[in-house]
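Visitor: Encoded as structure tokens, here's the structure I'll be asking about.
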Amino acid sequence: MELTADQLKAYDGTDPSKPIYVAIKGRIFDVSAGNSFYGPGGAYCMFAGKDASRALAKMSKNEEDVSTSLDGLSDKEMGVLNDWEKKFEAKYSIVGTVIS
């Protein structure tokens, strides 16, 4: 499946009939099993329906950091992002990619 960033927004957990998706480095993960974390009111709900790469790299839950841009990230932050990506790969199914 290929989704644009706008289409990905529909999978933010606000519609209970749809799965919850979070993208990392353009790959979309189905995080529905983590509904208590990623669903509305969850600790990581700001990532749902978005590419959370930059925010995960920076260990940030600030809305302004939830973006696909990896520009200016340090080597350490890229390492943190790669660790998050491995955790997601181990826990959640990859269901598609984000296209521009």
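Every chain in the structure tokens has a letter given in the order shown (A, B, ...), and although residue numbers restart at 1 in each chain, ligands are simply numbered from 1 in the order shown.
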Skipping near chain neighbours, those fewer than 6 positions away, what residues fall within 10 Å of range 45-56 of chain A using only C-alpha atoms, listed as a ChimeraX atom specification?
Guide: /A:5-14,19-32,35-39,62-73,77-78,80-85,98
Visitor: I need the residues in range 2-56 of chain A that are alpha helix (DSSP H) according to DSSP; give them as a list of chain:residue names.
Guide: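 Of range 2-56 of chain A, the ones in alpha helix (DSSP H) are A:Ala5, A:Asp6, A:Gln7, A:Leu8, A:Asn35, A:Ser36, A:Phe37, A:Tyr38, A:Ser53, A:Arg54, A:Ala55, A:Leu56.
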Visitor: Would you give me, as a ChimeraX atom specification, the residues in chain A that DSSP reads as strand (DSSP E)?
Guide: /A:2-4,21-24,27-30,93-99
